[in-house]
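Novice: Structure incoming, see below.
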Amino acid sequence: PDLARGFMLLFIALANSHYFVAGANAFGGFPTDGSVVDRGVATVIATFVDGRAFPMFGVLFGYGVAQIVRRQREAGREWWPIRKLLWRRSLVLVVLGFAHAMLLYVGDILAAYGVLLFLGVWALRWKTGWLFGVAAFVLVLTALPTDDSFSTMSEGFDPAMLPHNLAEQFSERILVQPYIAMLGWIGFVTPFLIGLWAGRRRILERPDEHLTLLRTTAVAGLTIAIIGGLPVSLVVGGIIDRPSNHALSILGPLHDATGVFGGFGYAALIVLIARKLSSGPITLAVAAVGQRSLTCYLSQSVVWALVFTPYLLDLSDNLTTTTTALLAIATWLATVLLADRMRRANYRGPFEKLIRWITYRDRKPGHRALV
């Protein structure tokens with residue numbers, strides 16, 4: 001799970017950064033007036049990254065919650081104290097997400113995860129049928145036609161994304177952030193519940209016991225994600241003409257819903273690859289990013305704020321889809337080096353330490369926290 005989380009932060013960087021690129025016209029968060037190379041890069045990102053990386057994090061988030069619950073139960077704790085522990089964790093995520101959105105990146109997902117965890121604790125004791133049933137129901141809802149899909153939006157960035165001064169930044173973002181936090185979690189419900197189920201069975205920790213399931217999930221999940229993403233991706237790349245708004249209201253949710261399967265597929269694929277890898281320096285460094293994913297995720301936002309904010313470097317008009325993708329890759333590589341340095345120093349990471357301290361603050365002296 002750590003290796004998967006660490007690698008997918010590369011996809012998170014690619015998914016977030018292209019929304020800052022300026023252009024006369026936009027579609028799906030990409031400028032449509034770029035070069036052939038830019039359109040090719042946009043096609044690849046729209047097919048394999050957008051709407052596929054965040055569902056995988058939803059899976060791993062649910063998986064991590066299941067790990068916490070299992071270890072707490074093994075330590076003899078009852079369900080009510082475990083729920084309170086997770087509610088404290090959710091509160092930290094909401095507060096931290098609010099600060100993140102106000103100061104760095106308005107597209108924050110931490111607060112949405114916090115809301116999801118606050119509600120998701122009631123699913124901890126659900127049987128498998130309930131987990132899969134609710135997950136399927138929510139997935140169907142997200143696949144219904146709508147004009148609100150980010151994958152087909154034609155608007156460029158707004159003042160909340162790139163404010164011209166601090167006053168505008170806070171006044172615009174205070175209106176947008178609660179909307180994202182209170183509704184954004186809905187798209188993560190399905191991967192979260194499946195992650196809970198997988199965590200109960202320790203599928204990612206014991207891949208040798210679940211090879212058939214993992215191989216099937218990797219192949220089927222990524223196939224569905226690629227096929228379902230192609231209609232929008234081909235429009236993003238200018239390969240086919242933009243269809244009618246009615247067609248886009250169907251293709252956008254299709255892109256998003258099939259991306260959930262891509263999240264499952266990526267999680268399974270990375271675990272299968274990890275089986276074959278030795279614990280070399282590169283593997284350990286990427287896993288270190290996963291172990292410090294919160295710190296590394298926030299570090300990415302520092303780069304976006306510094307590079308793109310109009311009252312700072314203001315490079316939205318200077319960078320293209322291609323050069324922004326290169327910036328995203330370089331940013332991820334920098335976090336790999338940073339996380340590996342922390343690993344070598346046996347340092348957990350500042351934000352991981354913060355959330356751990358608040359989550360487990362009521363443990364008895366001498367009692368080792370279980371995470």
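We name chains A, B, ... following the order of the structure tokens; residues begin at 1 in each chain, and ligands are numbered from 1 as shown.
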Determine, for each residue of range 251-312 of chain A having at least one atom at most 7 Å from an atom of range 139-160 of chain A, the closest pair of atoms and their separation in Å to one decimal, counting only C-alpha atoms; order by chain and ascending number, as JSON lines.

Specialist:
```
{"residue": "A:Gly252", "atom": "CA", "partner": "A:Ser149", "partner_atom": "CA", "distance": 5.5}
{"residue": "A:Pro253", "atom": "CA", "partner": "A:Ala143", "partner_atom": "CA", "distance": 4.8}
{"residue": "A:Leu254", "atom": "CA", "partner": "A:Ala143", "partner_atom": "CA", "distance": 5.7}
{"residue": "A:Ala257", "atom": "CA", "partner": "A:Ala143", "partner_atom": "CA", "distance": 5.4}
```

Novice: Considering only C-alpha atoms, can you say which of A:Thr321, A:Thr32, A:Ser233, A:Thr190 comes closest to Phe132 in chain A?

Specialist: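 Among the listed residues, A:Thr190 lies closest to Phe132 in chain A.
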
Novice: May I ask which of the residues A:Ala198, A:Leu211, A:Ala287, A:Ile358 is the closest one to Ala4 in chain A, counting only C-alpha atoms?

Specialist: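 Closest to Ala4 in chain A of all the choices is A:Ala287.
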
Novice: Can you list, as a list in words, every protein, DNA or RNA residue that comes within 6 Å of range 85-94 of chain A when you count only C-alpha atoms, leaving out same-chain residues fewer than 2 positions away?

Specialist: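 Final neighbour list, sorted by chain and number: Ile82, Arg83, Leu96, Gly97, Leu110, Ala111, Gly114, Leu117, Phe118 and Thr359 of chain A.
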
Novice: Could you state the separation of CA of Leu131 in chain A and CA of Phe192 in chain A in Å, given to one decimal place?

Specialist: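 So the two atoms, CA of Leu131 in chain A and CA of Phe192 in chain A, lie 9.5 Å apart.
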
Novice: CA of Gly107 in chain A and CA of Gln169 in chain A, how far apart in Å?

Specialist: 13.0 Å

Novice: Based on DSSP run over this structure's backbone, return all residues of range 244-354 of chain A in alpha helix (DSSP H), as a PyMOL selection string.

Specialist: chain A and resi 245-276+281-291+293-308+321-344+350-354

Novice: Those residues with C-alpha atoms, as a compact mmCIF listing (two decimals), in the first residue's frame please?

Specialist:
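The file below, selection_18.txt, is the result:
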```txt
# COMPACT_ATOMS: atom_id res chain seq x y z
CA ASN A 245 -23.70 19.21 -24.88
CA HIS A 246 -26.19 16.38 -24.52
CA ALA A 247 -23.55 13.84 -25.55
CA LEU A 248 -21.02 15.42 -23.18
CA SER A 249 -23.50 15.15 -20.31
CA ILE A 250 -23.28 11.38 -20.86
CA LEU A 251 -19.58 11.05 -21.73
CA GLY A 252 -18.38 13.13 -18.77
CA PRO A 253 -19.96 10.92 -16.08
CA LEU A 254 -18.88 7.85 -18.10
CA HIS A 255 -15.29 9.09 -17.92
CA ASP A 256 -15.60 9.65 -14.17
CA ALA A 257 -17.39 6.41 -13.30
CA THR A 258 -15.03 4.19 -15.31
CA GLY A 259 -12.17 5.99 -13.60
CA VAL A 260 -13.21 4.30 -10.36
CA PHE A 261 -12.41 0.95 -11.97
CA GLY A 262 -9.10 2.43 -13.03
CA GLY A 263 -8.37 3.20 -9.39
CA PHE A 264 -8.97 -0.44 -8.52
CA GLY A 265 -6.85 -1.55 -11.47
CA TYR A 266 -3.91 0.66 -10.59
CA ALA A 267 -3.92 -0.48 -6.97
CA ALA A 268 -3.88 -4.14 -8.05
CA LEU A 269 -1.26 -3.57 -10.75
CA ILE A 270 1.18 -1.77 -8.47
CA VAL A 271 0.86 -4.46 -5.82
CA LEU A 272 1.54 -7.14 -8.44
CA ILE A 273 4.60 -5.26 -9.65
CA ALA A 274 5.76 -4.75 -6.06
CA ARG A 275 5.75 -8.53 -5.58
CA LYS A 276 8.54 -8.78 -8.13
CA PRO A 281 16.84 2.13 -2.84
CA ILE A 282 14.28 3.25 -5.44
CA THR A 283 11.55 1.02 -4.05
CA LEU A 284 12.24 2.18 -0.51
CA ALA A 285 12.26 5.84 -1.58
CA VAL A 286 8.90 5.63 -3.38
CA ALA A 287 7.40 3.69 -0.45
CA ALA A 288 8.70 6.45 1.84
CA VAL A 289 6.58 8.92 -0.14
CA GLY A 290 3.55 6.71 0.50
CA GLN A 291 4.32 6.61 4.21
CA SER A 293 1.78 10.98 1.57
CA LEU A 294 0.11 13.85 3.45
CA THR A 295 3.33 15.84 3.74
CA CYS A 296 4.25 15.13 0.12
CA TYR A 297 0.77 16.02 -1.16
CA LEU A 298 0.89 19.37 0.63
CA SER A 299 4.42 19.94 -0.67
CA GLN A 300 3.08 19.70 -4.21
CA SER A 301 0.59 22.45 -3.44
CA VAL A 302 3.41 24.72 -2.24
CA VAL A 303 4.94 24.39 -5.72
CA TRP A 304 1.64 25.11 -7.51
CA ALA A 305 1.01 28.18 -5.37
CA LEU A 306 4.54 29.53 -5.84
CA VAL A 307 4.72 28.90 -9.59
CA PHE A 308 1.21 29.84 -10.75
CA THR A 321 0.52 21.48 -20.91
CA THR A 322 3.80 19.69 -21.69
CA THR A 323 6.09 21.85 -19.57
CA THR A 324 3.58 21.78 -16.70
CA ALA A 325 3.58 17.97 -16.88
CA LEU A 326 7.38 18.07 -16.68
CA LEU A 327 7.07 20.38 -13.67
CA ALA A 328 4.68 17.88 -12.05
CA ILE A 329 7.14 15.03 -12.62
CA ALA A 330 10.03 17.10 -11.23
CA THR A 331 7.93 18.05 -8.19
CA TRP A 332 7.13 14.40 -7.50
CA LEU A 333 10.80 13.44 -7.84
CA ALA A 334 11.69 16.16 -5.36
CA THR A 335 9.21 14.71 -2.86
CA VAL A 336 10.76 11.26 -3.41
CA LEU A 337 14.17 12.68 -2.43
CA LEU A 338 12.63 14.54 0.51
CA ALA A 339 10.73 11.49 1.78
CA ASP A 340 13.79 9.28 1.42
CA ARG A 341 15.85 11.72 3.47
CA MET A 342 13.18 11.60 6.19
CA ARG A 343 13.15 7.78 5.99
CA ARG A 344 16.90 7.63 6.47
CA PRO A 350 5.52 16.75 10.10
CA PHE A 351 1.90 16.36 9.06
CA GLU A 352 1.87 12.63 9.72
CA LYS A 353 3.14 13.35 13.23
CA LEU A 354 0.45 15.99 13.68
```

Novice: As an exercise, work out the distance from CA of Thr320 in chain A to CA of Asp50 in chain A in Å and give it to one decimal place.

Specialist: 17.3 Å

Novice: Hey, what's within 7 Å of Trp185 in chain A if we count only C-alpha atoms and toss same-chain stuff fewer than 6 positions away? As a ChimeraX atom specification, please?

Specialist: /A:112-113,115-116

Novice: Which one of A:Lys127, A:Tyr19, A:Pro81, A:Val36 sits closest to Ile239 in chain A if you count only C-alpha atoms?

Specialist: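 Closest candidate: A:Val36.
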
Novice: Of the candidates A:Leu3, A:Leu14, A:Leu103, A:Leu213, which shows the shortest atom-to-atom distance to Glu168 in chain A, using only C-alpha atoms?

Specialist: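 Among the listed residues, the smallest separation from Glu168 in chain A belongs to A:Leu103.
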
Novice: With only C-alpha atoms as the basis for distance, which of A:Ala24, A:Met182, A:Val121, A:Val65 is at the shortest distance from Ile109 in chain A?

Specialist: A:Met182
